[in-house]
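*Asks:* Next up, protein.cif (mmCIF, C-alpha atoms).
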```
data_entry
loop_
_atom_site.label_atom_id
_atom_site.label_comp_id
_atom_site.auth_asym_id
_atom_site.auth_seq_id
_atom_site.Cartn_x
_atom_site.Cartn_y
_atom_site.Cartn_z
CA MET A 26 15.07 -12.84 38.60
CA ALA A 27 14.19 -9.42 37.16
CA GLU A 28 10.92 -7.94 38.25
CA ASP A 29 8.17 -8.07 35.60
CA THR A 30 6.96 -4.50 35.12
CA THR A 31 4.60 -5.18 32.23
CA THR A 32 0.86 -4.70 32.61
CA ALA A 33 -1.97 -5.96 30.43
CA ALA A 34 -3.58 -3.45 28.10
CA PRO A 35 -6.93 -2.13 29.31
CA THR A 36 -9.87 -3.11 27.13
CA ALA A 37 -11.42 -0.35 25.04
CA ASP A 38 -14.53 -0.36 22.90
CA PRO A 39 -14.12 1.56 19.63
CA ASP A 40 -17.87 1.22 19.08
CA SER A 41 -18.32 3.62 21.98
CA VAL A 42 -16.69 6.39 19.95
CA ASP A 43 -19.34 8.89 18.91
CA PRO A 44 -19.08 9.11 15.10
CA SER A 45 -20.17 12.75 15.28
CA ASP A 46 -17.07 13.58 17.34
CA PRO A 47 -14.33 11.02 16.62
CA VAL A 48 -11.53 13.22 17.92
CA ALA A 49 -13.04 13.29 21.41
CA GLY A 50 -13.78 9.57 21.30
CA PHE A 51 -10.36 8.42 20.18
CA SER A 52 -8.70 10.97 22.45
CA ALA A 53 -10.53 9.36 25.34
CA LEU A 54 -9.02 6.00 24.37
CA ARG A 55 -5.59 7.65 24.27
CA GLU A 56 -5.97 8.97 27.79
CA VAL A 57 -6.90 5.51 29.07
CA ALA A 58 -3.48 4.14 28.13
CA ALA A 59 -0.75 4.24 25.49
CA VAL A 60 -1.89 0.78 24.38
CA VAL A 61 -5.46 -0.47 24.57
CA GLU A 62 -7.00 -3.82 23.68
CA ILE A 63 -9.71 -3.70 21.03
CA PRO A 64 -11.92 -6.33 19.40
CA LEU A 65 -11.26 -7.06 15.73
CA GLU A 66 -14.60 -7.93 14.18
CA ILE A 67 -14.62 -10.10 11.05
CA PRO A 68 -18.03 -11.19 9.69
CA GLY A 69 -18.58 -14.90 10.11
CA ARG A 70 -15.52 -15.36 12.30
CA PRO A 71 -14.96 -15.36 16.06
CA THR A 72 -13.97 -11.98 17.43
CA GLN A 73 -10.21 -11.67 17.82
CA GLN A 74 -8.44 -9.31 20.17
CA GLY A 75 -5.89 -6.84 18.91
CA LEU A 76 -4.13 -3.78 20.27
CA MET A 77 -4.22 -0.11 19.33
CA VAL A 78 -1.31 2.20 20.11
CA THR A 79 -2.77 5.60 20.89
CA ARG A 80 0.00 8.07 21.74
CA HIS A 81 2.28 9.93 19.34
CA ALA A 82 5.67 8.81 20.66
CA GLU A 83 4.64 5.18 20.97
CA VAL A 84 3.07 5.10 17.49
CA ARG A 85 6.22 6.57 15.91
CA ALA A 86 8.39 4.05 17.74
CA MET A 87 6.24 1.10 16.72
CA LEU A 88 6.23 2.13 13.05
CA THR A 89 10.05 2.02 12.97
CA ASP A 90 10.43 -1.20 14.98
CA ASP A 91 11.16 -4.16 12.69
CA ARG A 92 9.67 -6.54 15.22
CA PHE A 93 6.29 -5.32 13.97
CA ARG A 94 5.71 -6.59 10.44
CA HIS A 95 3.38 -5.10 7.88
CA ASP A 96 3.22 -8.42 6.03
CA ALA A 97 1.02 -10.84 7.95
CA ALA A 98 2.20 -13.68 5.71
CA ALA A 99 5.63 -13.32 7.30
CA VAL A 100 4.19 -14.00 10.76
CA PRO A 101 2.76 -17.54 11.01
CA GLU A 102 0.45 -16.68 13.89
CA ALA A 103 -1.09 -13.79 11.92
CA GLU A 104 -1.48 -15.07 8.35
CA ASN A 105 -4.88 -16.64 8.98
CA TYR A 106 -6.16 -13.39 10.43
CA LEU A 107 -5.20 -11.48 7.29
CA ARG A 108 -6.96 -13.93 4.98
CA ASN A 109 -10.08 -13.91 7.17
CA ALA A 110 -10.13 -10.11 7.23
CA GLN A 111 -9.82 -9.73 3.47
CA THR A 112 -12.42 -12.32 2.60
CA GLY A 113 -14.82 -11.52 5.44
CA LEU A 114 -14.68 -7.74 5.61
CA ILE A 115 -13.89 -6.70 2.06
CA GLY A 116 -15.17 -9.66 0.09
CA LEU A 117 -12.04 -10.37 -1.96
CA PRO A 118 -12.51 -13.81 -3.52
CA GLU A 119 -10.35 -16.61 -2.16
CA ASP A 120 -8.97 -17.41 -5.61
CA LEU A 121 -7.69 -13.88 -6.21
CA ASP A 122 -4.24 -12.85 -4.98
CA LEU A 123 -4.97 -9.15 -5.51
CA LEU A 124 -4.09 -7.13 -2.42
CA ARG A 125 -3.00 -10.18 -0.43
CA ARG A 126 0.69 -9.17 -0.38
CA PRO A 127 0.93 -5.80 -2.15
CA MET A 128 4.04 -3.64 -2.19
CA LEU A 129 2.52 -1.46 0.51
CA GLY A 130 2.31 -4.50 2.77
CA ARG A 131 5.80 -6.01 2.36
CA ASP A 132 8.73 -5.61 4.71
CA GLY A 133 12.49 -5.29 4.59
CA GLU A 134 14.40 -5.78 1.35
CA ASP A 135 11.31 -7.17 -0.40
CA HIS A 136 9.50 -3.90 0.25
CA ALA A 137 12.57 -1.81 -0.62
CA ARG A 138 12.99 -3.65 -3.95
CA LEU A 139 9.44 -2.83 -5.03
CA ARG A 140 9.54 0.71 -3.68
CA ARG A 141 12.71 1.50 -5.63
CA LEU A 142 10.94 0.62 -8.86
CA VAL A 143 8.34 3.34 -8.40
CA SER A 144 10.04 5.92 -6.22
CA ARG A 145 11.42 7.88 -9.19
CA ALA A 146 7.87 8.75 -10.21
CA PHE A 147 7.35 10.50 -6.87
CA THR A 148 10.58 12.43 -6.34
CA VAL A 149 10.33 16.07 -5.32
CA ARG A 150 11.68 17.08 -8.72
CA ARG A 151 9.11 15.01 -10.62
CA VAL A 152 6.27 16.20 -8.38
CA ASN A 153 7.30 19.85 -8.82
CA GLY A 154 7.32 19.27 -12.56
CA LEU A 155 3.72 18.12 -12.36
CA ARG A 156 2.53 21.33 -10.71
CA PRO A 157 1.62 23.15 -13.97
CA ARG A 158 -0.41 20.16 -15.11
CA VAL A 159 -2.16 19.92 -11.74
CA GLY A 160 -2.93 23.64 -11.99
CA ALA A 161 -4.37 23.23 -15.48
CA ILE A 162 -6.61 20.36 -14.36
CA VAL A 163 -7.82 22.42 -11.41
CA ASP A 164 -8.48 25.53 -13.53
CA GLY A 165 -10.57 23.52 -15.98
CA LEU A 166 -12.64 21.96 -13.21
CA LEU A 167 -13.13 25.32 -11.52
CA ASP A 168 -14.51 26.66 -14.81
CA ASP A 169 -17.07 23.85 -14.65
CA VAL A 170 -17.81 24.65 -10.99
CA ALA A 171 -18.37 28.32 -11.85
CA ALA A 172 -20.78 27.41 -14.66
CA ALA A 173 -22.66 24.91 -12.49
CA GLY A 174 -22.92 27.38 -9.59
CA ALA A 175 -24.09 30.37 -11.64
CA GLY A 176 -27.19 32.03 -10.26
CA GLY A 177 -26.76 30.57 -6.79
CA THR A 178 -27.18 26.89 -7.68
CA PRO A 179 -25.40 24.71 -5.08
CA VAL A 180 -22.43 22.71 -6.35
CA ASP A 181 -21.26 19.46 -4.75
CA LEU A 182 -17.50 19.84 -4.39
CA VAL A 183 -17.00 16.15 -3.61
CA GLU A 184 -18.20 15.19 -7.08
CA ALA A 185 -17.08 18.31 -8.92
CA LEU A 186 -13.58 18.77 -7.50
CA ALA A 187 -12.36 16.62 -4.60
CA TYR A 188 -12.40 13.36 -6.54
CA PRO A 189 -11.81 14.46 -10.14
CA VAL A 190 -8.50 16.22 -9.42
CA PRO A 191 -6.54 13.41 -7.70
CA ILE A 192 -8.07 10.77 -9.98
CA ALA A 193 -6.94 12.69 -13.07
CA VAL A 194 -3.45 13.32 -11.68
CA ILE A 195 -2.64 9.79 -10.50
CA CYS A 196 -4.19 8.17 -13.56
CA GLU A 197 -2.08 10.37 -15.86
CA LEU A 198 1.00 9.56 -13.80
CA VAL A 199 0.34 5.81 -13.82
CA GLY A 200 -1.04 5.62 -17.35
CA VAL A 201 -4.76 4.89 -16.94
CA PRO A 202 -6.84 6.20 -19.87
CA GLU A 203 -9.43 8.85 -19.05
CA GLY A 204 -12.33 6.65 -20.12
CA ASP A 205 -11.42 3.96 -17.57
CA ARG A 206 -11.26 6.14 -14.48
CA ASP A 207 -14.82 5.66 -13.21
CA ARG A 208 -14.19 1.96 -12.64
CA TRP A 209 -11.22 2.81 -10.41
CA ARG A 210 -13.39 4.99 -8.23
CA GLU A 211 -15.99 2.20 -7.97
CA PHE A 212 -13.32 -0.25 -6.84
CA ALA A 213 -11.91 2.22 -4.31
CA ARG A 214 -15.40 2.83 -2.94
CA LEU A 215 -15.86 -0.90 -2.33
CA LEU A 216 -12.57 -1.07 -0.44
CA ILE A 217 -13.72 1.70 1.88
CA GLN A 218 -17.43 0.88 2.04
CA PRO A 219 -17.32 -2.90 1.59
CA ASP A 220 -20.04 -4.79 -0.23
CA PRO A 221 -18.80 -8.42 -0.18
CA ALA A 222 -21.56 -9.47 -2.56
CA ARG A 223 -20.33 -7.12 -5.31
CA MET A 224 -16.61 -7.18 -4.66
CA PRO A 225 -15.71 -10.51 -6.34
CA ASP A 226 -16.99 -9.46 -9.78
CA VAL A 227 -15.55 -5.94 -9.48
CA ALA A 228 -12.15 -7.21 -8.28
CA ARG A 229 -11.88 -9.82 -11.05
CA GLY A 230 -12.87 -7.16 -13.58
CA MET A 231 -10.20 -4.84 -12.21
CA VAL A 232 -7.49 -7.50 -12.59
CA ALA A 233 -8.56 -8.16 -16.18
CA HIS A 234 -8.58 -4.41 -16.87
CA VAL A 235 -5.06 -3.95 -15.49
CA ARG A 236 -3.76 -6.89 -17.52
CA ASP A 237 -5.23 -5.25 -20.62
CA LEU A 238 -3.44 -1.99 -19.75
CA ILE A 239 -0.17 -3.86 -19.31
CA GLU A 240 -0.48 -5.49 -22.70
CA ALA A 241 -1.30 -2.12 -24.27
CA ARG A 242 1.90 -0.64 -22.79
CA ARG A 243 3.91 -3.58 -24.10
CA ARG A 244 2.68 -2.77 -27.59
CA GLU A 245 2.96 1.01 -27.24
CA PRO A 246 5.11 2.28 -24.34
CA ALA A 247 4.38 5.81 -23.09
CA ASP A 248 5.92 8.30 -20.69
CA ASP A 249 4.14 6.95 -17.63
CA LEU A 250 4.80 4.80 -14.58
CA LEU A 251 3.09 1.70 -15.97
CA SER A 252 5.35 1.64 -19.03
CA GLY A 253 8.37 1.78 -16.75
CA LEU A 254 7.09 -1.06 -14.61
CA VAL A 255 6.30 -3.18 -17.68
CA ALA A 256 9.85 -2.60 -18.94
CA ALA A 257 11.32 -3.54 -15.55
CA HIS A 258 9.35 -6.80 -15.60
CA ASP A 259 10.13 -7.68 -19.20
CA GLU A 260 13.83 -6.92 -18.86
CA ASP A 261 14.29 -8.81 -15.61
CA GLY A 262 11.41 -10.77 -14.12
CA ASP A 263 13.38 -11.22 -10.90
CA ARG A 264 12.99 -7.49 -10.23
CA LEU A 265 9.21 -7.51 -10.66
CA SER A 266 6.95 -10.51 -11.21
CA GLU A 267 3.81 -10.37 -13.33
CA GLN A 268 1.62 -10.65 -10.25
CA GLU A 269 3.54 -7.88 -8.50
CA LEU A 270 3.14 -5.72 -11.60
CA VAL A 271 -0.65 -6.10 -11.44
CA ASP A 272 -0.84 -5.62 -7.67
CA MET A 273 1.41 -2.55 -7.70
CA THR A 274 -0.60 -0.87 -10.45
CA VAL A 275 -3.85 -1.36 -8.54
CA ASN A 276 -2.48 -0.27 -5.18
CA LEU A 277 -0.64 2.82 -6.41
CA THR A 278 -3.60 4.06 -8.40
CA VAL A 279 -6.23 3.60 -5.68
CA ALA A 280 -3.96 4.89 -2.91
CA GLY A 281 -3.03 7.83 -5.12
CA PHE A 282 -6.46 9.40 -5.18
CA GLU A 283 -8.75 8.12 -2.43
CA THR A 284 -7.02 9.64 0.60
CA THR A 285 -6.26 12.93 -1.18
CA ALA A 286 -9.90 13.29 -2.22
CA HIS A 287 -10.92 12.88 1.41
CA VAL A 288 -8.53 15.58 2.68
CA LEU A 289 -9.68 17.95 -0.07
CA ALA A 290 -13.34 17.56 0.87
CA LYS A 291 -12.89 17.54 4.64
CA GLY A 292 -10.29 20.30 4.51
CA THR A 293 -12.62 22.55 2.52
CA LEU A 294 -15.38 21.99 5.05
CA ALA A 295 -12.99 22.71 7.93
CA LEU A 296 -11.85 26.01 6.42
CA LEU A 297 -15.32 27.18 5.39
CA SER A 298 -16.58 26.61 8.90
CA ARG A 299 -13.64 28.51 10.41
CA PRO A 300 -13.74 31.99 8.79
CA ASP A 301 -10.76 33.32 10.73
CA GLU A 302 -8.48 30.55 9.45
CA LEU A 303 -9.70 31.01 5.88
CA ALA A 304 -9.22 34.77 6.12
CA ALA A 305 -5.63 34.26 7.30
CA LEU A 306 -4.87 32.14 4.23
CA ARG A 307 -6.44 34.65 1.87
CA ALA A 308 -4.44 37.45 3.48
CA ASP A 309 -1.15 35.55 3.42
CA PRO A 310 -0.89 32.78 0.78
CA GLN A 311 2.59 31.95 2.11
CA LEU A 312 0.76 30.11 4.91
CA TRP A 313 -0.56 27.41 2.56
CA PRO A 314 2.29 24.87 2.97
CA THR A 315 1.91 24.84 6.75
CA ALA A 316 -1.86 24.91 6.44
CA VAL A 317 -1.76 21.77 4.31
CA HIS A 318 0.17 19.93 7.04
CA GLU A 319 -2.41 21.08 9.57
CA LEU A 320 -5.29 19.88 7.37
CA VAL A 321 -3.63 16.49 6.91
CA ARG A 322 -3.14 16.24 10.67
CA THR A 323 -6.70 17.16 11.59
CA CYS A 324 -8.67 15.86 8.59
CA GLY A 325 -6.90 12.62 7.76
CA PRO A 326 -9.03 9.83 6.28
CA ILE A 327 -8.40 6.99 8.74
CA PRO A 328 -8.35 6.73 12.54
CA ALA A 329 -5.79 3.92 12.49
CA GLY A 330 -3.23 2.69 10.00
CA ALA A 331 -2.92 -0.81 8.61
CA PRO A 332 -2.20 -3.35 11.33
CA ARG A 333 1.31 -4.52 12.08
CA TYR A 334 1.92 -8.00 13.44
CA ALA A 335 4.31 -8.84 16.27
CA ALA A 336 6.96 -11.22 14.92
CA GLU A 337 7.98 -12.20 18.44
CA ASP A 338 6.87 -11.73 22.01
CA THR A 339 7.62 -8.12 22.88
CA GLU A 340 6.09 -5.11 24.63
CA ILE A 341 5.02 -1.51 23.97
CA ALA A 342 5.07 1.03 26.80
CA GLY A 343 5.15 -1.79 29.33
CA THR A 344 2.25 -3.67 27.72
CA PRO A 345 3.03 -7.26 26.68
CA VAL A 346 2.48 -8.01 22.98
CA PRO A 347 2.48 -11.76 22.20
CA ALA A 348 3.82 -12.92 18.82
CA GLY A 349 1.18 -12.75 16.09
CA THR A 350 -0.84 -9.98 17.74
CA ALA A 351 -2.37 -7.45 15.35
CA VAL A 352 -1.29 -3.96 16.47
CA LEU A 353 -2.96 -0.89 14.98
CA PRO A 354 -1.13 2.44 14.90
CA GLY A 355 -3.68 4.97 16.18
CA LEU A 356 -3.02 7.83 13.77
CA LEU A 357 -5.98 9.95 14.83
CA PRO A 358 -5.37 9.89 18.61
CA ALA A 359 -1.62 10.34 18.00
CA ASN A 360 -2.21 13.38 15.79
CA PHE A 361 -4.24 15.02 18.56
CA ASP A 362 -1.88 14.08 21.40
CA PRO A 363 -1.41 17.02 23.81
CA ARG A 364 1.93 15.52 24.81
CA VAL A 365 3.44 16.80 21.55
CA LEU A 366 1.10 19.66 20.54
CA ASP A 367 -0.41 22.69 22.20
CA ARG A 368 -4.16 23.05 21.54
CA PRO A 369 -4.23 19.85 19.41
CA GLY A 370 -8.00 20.01 19.03
CA GLU A 371 -7.85 23.31 17.13
CA LEU A 372 -7.15 23.85 13.44
CA ASP A 373 -4.41 26.48 13.25
CA VAL A 374 -3.12 27.31 9.76
CA ARG A 375 -0.20 29.21 11.31
CA ARG A 376 0.96 26.19 13.32
CA ASP A 377 4.65 25.50 12.75
CA PRO A 378 5.02 21.73 12.29
CA GLY A 379 8.54 22.00 13.66
CA ARG A 380 11.01 19.25 12.93
CA GLY A 381 9.65 16.96 10.25
CA GLU A 382 5.94 17.21 9.64
CA GLY A 383 4.71 17.30 13.21
CA HIS A 384 2.04 14.69 12.47
CA LEU A 385 1.58 11.08 11.36
CA GLY A 386 -0.99 11.70 8.66
CA PHE A 387 1.29 10.12 6.03
CA GLY A 388 2.58 7.43 8.37
CA HIS A 389 6.19 7.07 9.45
CA GLY A 390 9.22 4.91 8.84
CA ALA A 391 9.83 2.60 5.89
CA HIS A 392 6.18 2.65 4.88
CA TYR A 393 5.85 6.44 4.89
CA CYS A 394 3.42 7.39 2.12
CA LEU A 395 5.20 7.23 -1.22
CA GLY A 396 2.94 9.93 -2.70
CA ALA A 397 3.00 12.35 0.25
CA ALA A 398 4.67 15.17 -1.70
CA LEU A 399 2.17 14.80 -4.55
CA ALA A 400 -0.78 14.75 -2.14
CA ARG A 401 0.43 17.91 -0.37
CA GLN A 402 0.87 19.64 -3.69
CA GLU A 403 -2.62 18.72 -4.87
CA VAL A 404 -4.24 19.90 -1.64
CA GLU A 405 -2.37 23.21 -1.80
CA VAL A 406 -3.07 23.84 -5.49
CA VAL A 407 -6.75 22.88 -5.29
CA LEU A 408 -7.68 24.71 -2.10
CA SER A 409 -5.69 27.87 -2.80
CA ALA A 410 -7.19 28.12 -6.29
CA LEU A 411 -10.69 27.39 -5.00
CA VAL A 412 -10.76 30.09 -2.33
CA THR A 413 -9.03 32.62 -4.62
CA ARG A 414 -11.35 32.02 -7.56
CA PHE A 415 -14.50 32.26 -5.46
CA PRO A 416 -14.38 35.03 -2.82
CA GLY A 417 -18.03 34.30 -2.02
CA LEU A 418 -17.46 30.58 -1.44
CA ARG A 419 -19.65 29.36 1.41
CA LEU A 420 -21.48 26.28 2.58
CA ALA A 421 -24.91 25.77 1.06
CA GLU A 422 -25.95 24.12 4.30
CA PRO A 423 -24.24 26.07 7.09
CA ALA A 424 -22.62 23.94 9.74
CA ASP A 425 -23.95 24.15 13.28
CA GLY A 426 -20.80 25.68 14.67
CA PRO A 427 -17.31 24.71 13.46
CA SER A 428 -17.28 21.41 11.61
CA ARG A 429 -15.93 18.49 13.58
CA LEU A 430 -12.40 17.51 12.77
CA GLY A 431 -11.57 13.86 12.25
CA PHE A 432 -11.83 11.12 9.69
CA GLU A 433 -15.55 10.97 8.79
CA ARG A 434 -16.00 10.82 5.05
CA LEU A 435 -18.22 13.36 3.35
CA PRO A 436 -20.70 11.87 0.86
CA ALA A 437 -21.29 15.39 -0.47
CA LEU A 438 -20.21 19.00 0.16
CA PRO A 439 -22.75 21.43 -1.34
CA VAL A 440 -21.48 25.00 -1.60
CA HIS A 441 -22.40 28.31 -3.19
CA VAL A 442 -19.66 29.86 -5.29
CA ASP A 443 -21.31 33.16 -6.20
CA ARG A 444 -21.09 36.26 -4.03
CA PRO A 445 -23.66 36.24 -1.24
CA PRO A 446 -26.52 38.74 -1.61
CA GLU A 447 -25.88 42.03 0.15
CA GLY A 448 -27.77 42.80 3.27
#
```
So that I can check it, write out the structure of this file as structure tokens.

*Replies:*
Amino acid sequence: MAEDTTTAAPTADPDSVDPSDPVAGFSALREVAAVVEIPLEIPGRPTQQGLMVTRHAEVRAMLTDDRFRHDAAAVPEAENYLRNAQTGLIGLPEDLDLLRRPMLGRDGEDHARLRRLVSRAFTVRRVNGLRPRVGAIVDGLLDDVAAAGAGGTPVDLVEALAYPVPIAVICELVGVPEGDRDRWREFARLLIQPDPARMPDVARGMVAHVRDLIEARRREPADDLLSGLVAAHDEDGDRLSEQELVDMTVNLTVAGFETTAHVLAKGTLALLSRPDELAALRADPQLWPTAVHELVRTCGPIPAGAPRYAAEDTEIAGTPVPAGTAVLPGLLPANFDPRVLDRPGELDVRRDPGRGEGHLGFGHGAHYCLGAALARQEVEVVLSALVTRFPGLRLAEPADGPSRLGFERLPALPVHVDRPPEG
């Protein structure tokens, strides 16, 4: 009989992570073990135990291993966990299928079928073609920032720039009218900062809104993603069901702006609190593409990706993983893993990502972020234009030393855009 070399995952407590320094906290979990056991808290339900993979190599391997399913409904032992999480944590009503099995959460050919329907909207060629429009949106918003910041008045870049740019871009791409965009931000906010009491009404309103948009595109098609999806459904319902059409529209739109807005805000703070890095970018704009990768690596919006579920008894790095176990890919600890990066805790805009991207900020494998190229472009266009337009750009409330890297969301980012007074 072969010797059993597996060992149980050590228990870790994510609540012990200091929110003021998440990189240090999650890095400490990484150095405990490649796989740690963590409690999965769901309001009103017994605590369940899951696993977090913490190291870069092991996270990459897990994200390309088809024994770990994104779709909990495909794993009998895990389906109840998914339903409990969505109703308990987020507040999605039981009678609403929205987000239960979205495109982003399917596997195999089912996922590939849905991804093919939208991938043409996110090709490198299409994204490059959007660059002039992204630049025009940014220039217009920077005009507003300049007017608001005249005379030394602080301007909140979260509200004035970080959210408006990606919302405008993805809504134009999908086909959401300008007057409807505030409701999308409200819905996205409730997904990230759950309020189960408000979510049912907002979610039902969102479904009704999307159905109205679909009917409008049936009457008057346009040159946007939604019109293409409506045509795919109407021509062949086997390619895209009505429910999938609604779910895909919601998921693509929300995912298309929320994470980019976070990187824009946190990346601006990181650069403004590191003058040497900002000066290097101003001196050599050719550094921006690599700088964007570094900002995504160090300022990503989430510490761990969506859970995967073990479809069978297996193991990761010698740790047993029973079928049905929820396994979280630890993106933050993996992106700061000293096993693959020198000085991982430093922001270095000159850092060569090497082969591939050198980070897992956009995920990996079949579920790699569909809009990664668009997100990188938006971050580069916005930040390069911002620091070029305003040579005197500085924090209105100076940070106490370099701003912490990590995933904390910024409710506001007040800055001065005028030149600082001499002397």

*Asks:* Which residue gives the smallest distance to Pro202 of chain A among A:Leu385, A:Leu215, A:Ala247, A:Val149, with all atoms listed in the file counted?

*Replies:*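 Looking at the shortest contact to Pro202 of chain A, the residue is A:Ala247.
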
*Asks:* Hey, which of A:Val60, A:Leu353, A:Val78, A:Leu182 ends up closest to Leu408 of chain A? Count only C-alpha atoms.

*Replies:*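 Closest candidate: A:Leu182.
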
*Asks:* Using only C-alpha atoms, which of the listed residues (A:Ala280, A:Val442, A:Leu198, A:Leu166) sits closest to Arg419 of chain A?

*Replies:*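 Distance minimum relative to Arg419 of chain A lands on A:Val442.
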
*Asks:* If we count all atoms listed in the file and set the cut-off at 12 Å, which residues sit around Asp169 of chain A, ignoring sequence neighbours fewer than 2 positions away in its own chain? Please answer as a list in words.

*Replies:*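 Everything that qualifies: Ile162, Val163, Asp164, Gly165, Leu166, Leu167, Ala171, Ala172, Ala173, Gly174, Ala175, Val180, Asp181, Leu182, Glu184, Ala185, Leu186, Pro189 and Val442 of chain A.
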
*Asks:* Record the distance separating atom CA of Phe415 of chain A and atom CA of Gly281 of chain A, expressed in Å with one decimal.

*Replies:*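 Pair atom CA of Phe415 of chain A / atom CA of Gly281 of chain A returns 27.0 Å.
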
*Asks:* So what does the PyMOL selection byres ((chain A and resi 392) around 12) actually pick up in this one, as a count of residues only?

*Replies:* 33

*Asks:* Here is a test: counting all atoms listed in the file, which residue of A:Gly383, A:Arg429, A:Leu277, A:Val352 is nearest to Asp367 of chain A?

*Replies:*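 Between A:Gly383, A:Arg429, A:Leu277, A:Val352, the residue approaching Asp367 of chain A most closely is A:Gly383.
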
*Asks:* Please expand the PyMOL selection byres ((chain A and resi 314-317) around 12) into the concrete residues it hits in this file, giving the result as an mmCIF file with C-alpha atoms, keeping the file's coordinate frame.

*Replies:*
```cif
data_model
loop_
_atom_site.group_PDB
_atom_site.id
_atom_site.type_symbol
_atom_site.label_atom_id
_atom_site.label_comp_id
_atom_site.auth_asym_id
_atom_site.auth_seq_id
_atom_site.Cartn_x
_atom_site.Cartn_y
_atom_site.Cartn_z
ATOM 1 C CA THR A 285 -6.260 12.930 -1.180
ATOM 2 C CA VAL A 288 -8.530 15.580 2.680
ATOM 3 C CA LEU A 289 -9.680 17.950 -0.070
ATOM 4 C CA LYS A 291 -12.890 17.540 4.640
ATOM 5 C CA GLY A 292 -10.290 20.300 4.510
ATOM 6 C CA THR A 293 -12.620 22.550 2.520
ATOM 7 C CA ALA A 295 -12.990 22.710 7.930
ATOM 8 C CA LEU A 296 -11.850 26.010 6.420
ATOM 9 C CA GLU A 302 -8.480 30.550 9.450
ATOM 10 C CA LEU A 303 -9.700 31.010 5.880
ATOM 11 C CA ALA A 305 -5.630 34.260 7.300
ATOM 12 C CA LEU A 306 -4.870 32.140 4.230
ATOM 13 C CA ARG A 307 -6.440 34.650 1.870
ATOM 14 C CA ASP A 309 -1.150 35.550 3.420
ATOM 15 C CA PRO A 310 -0.890 32.780 0.780
ATOM 16 C CA GLN A 311 2.590 31.950 2.110
ATOM 17 C CA LEU A 312 0.760 30.110 4.910
ATOM 18 C CA TRP A 313 -0.560 27.410 2.560
ATOM 19 C CA HIS A 318 0.170 19.930 7.040
ATOM 20 C CA GLU A 319 -2.410 21.080 9.570
ATOM 21 C CA LEU A 320 -5.290 19.880 7.370
ATOM 22 C CA VAL A 321 -3.630 16.490 6.910
ATOM 23 C CA ARG A 322 -3.140 16.240 10.670
ATOM 24 C CA THR A 323 -6.700 17.160 11.590
ATOM 25 C CA CYS A 324 -8.670 15.860 8.590
ATOM 26 C CA GLY A 325 -6.900 12.620 7.760
ATOM 27 C CA LEU A 372 -7.150 23.850 13.440
ATOM 28 C CA ASP A 373 -4.410 26.480 13.250
ATOM 29 C CA VAL A 374 -3.120 27.310 9.760
ATOM 30 C CA ARG A 375 -0.200 29.210 11.310
ATOM 31 C CA ARG A 376 0.960 26.190 13.320
ATOM 32 C CA ASP A 377 4.650 25.500 12.750
ATOM 33 C CA PRO A 378 5.020 21.730 12.290
ATOM 34 C CA GLY A 379 8.540 22.000 13.660
ATOM 35 C CA GLY A 381 9.650 16.960 10.250
ATOM 36 C CA GLU A 382 5.940 17.210 9.640
ATOM 37 C CA GLY A 383 4.710 17.300 13.210
ATOM 38 C CA HIS A 384 2.040 14.690 12.470
ATOM 39 C CA GLY A 386 -0.990 11.700 8.660
ATOM 40 C CA ALA A 397 3.000 12.350 0.250
ATOM 41 C CA ALA A 398 4.670 15.170 -1.700
ATOM 42 C CA LEU A 399 2.170 14.800 -4.550
ATOM 43 C CA ALA A 400 -0.780 14.750 -2.140
ATOM 44 C CA ARG A 401 0.430 17.910 -0.370
ATOM 45 C CA GLN A 402 0.870 19.640 -3.690
ATOM 46 C CA GLU A 403 -2.620 18.720 -4.870
ATOM 47 C CA VAL A 404 -4.240 19.900 -1.640
ATOM 48 C CA GLU A 405 -2.370 23.210 -1.800
ATOM 49 C CA VAL A 406 -3.070 23.840 -5.490
ATOM 50 C CA VAL A 407 -6.750 22.880 -5.290
ATOM 51 C CA LEU A 408 -7.680 24.710 -2.100
ATOM 52 C CA SER A 409 -5.690 27.870 -2.800
#
```

*Asks:* Go through A:Leu76, A:Thr350, A:Ala99, A:Asp46 one by one, measure the shortest atom-to-atom distance of each to Asp338 of chain A using only C-alpha atoms, and give the residue with the smallest value.

*Replies:* A:Thr350

*Asks:* Identify which of the residues A:Ala351, A:Leu294, A:Ala59, A:Ala233 lies closest to Gln73 of chain A, counting all atoms listed in the file when measuring atom-to-atom distances.

*Replies:*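 Of A:Ala351, A:Leu294, A:Ala59, A:Ala233, the one nearest Gln73 of chain A, counting all atoms listed in the file, is A:Ala351.
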
*Asks:* So the first atom is atom CA of Leu142 of chain A and the second is atom CA of Arg236 of chain A; what is the distance between them in Å, to one decimal place?

*Replies:* 18.6 Å

*Asks:* Enter the distance from atom CA of Glu283 of chain A to atom CA of Pro118 of chain A, in Å, rounded to one decimal.

*Replies:*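 We find that atom CA of Glu283 of chain A and atom CA of Pro118 of chain A lie 22.3 Å from each other.
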
*Asks:* Which residues match the PyMOL selection byres ((chain A and resi 264) around 10) in the file above, as a list in words?

*Replies:*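 When the PyMOL selection byres ((chain A and resi 264) around 10) is applied, the selected residues are Asp135, Arg138, Leu139, Leu142, Leu254, Ala257, His258, Asp259, Glu260, Asp261, Gly262, Asp263, Leu265, Ser266 and Glu269 of chain A.
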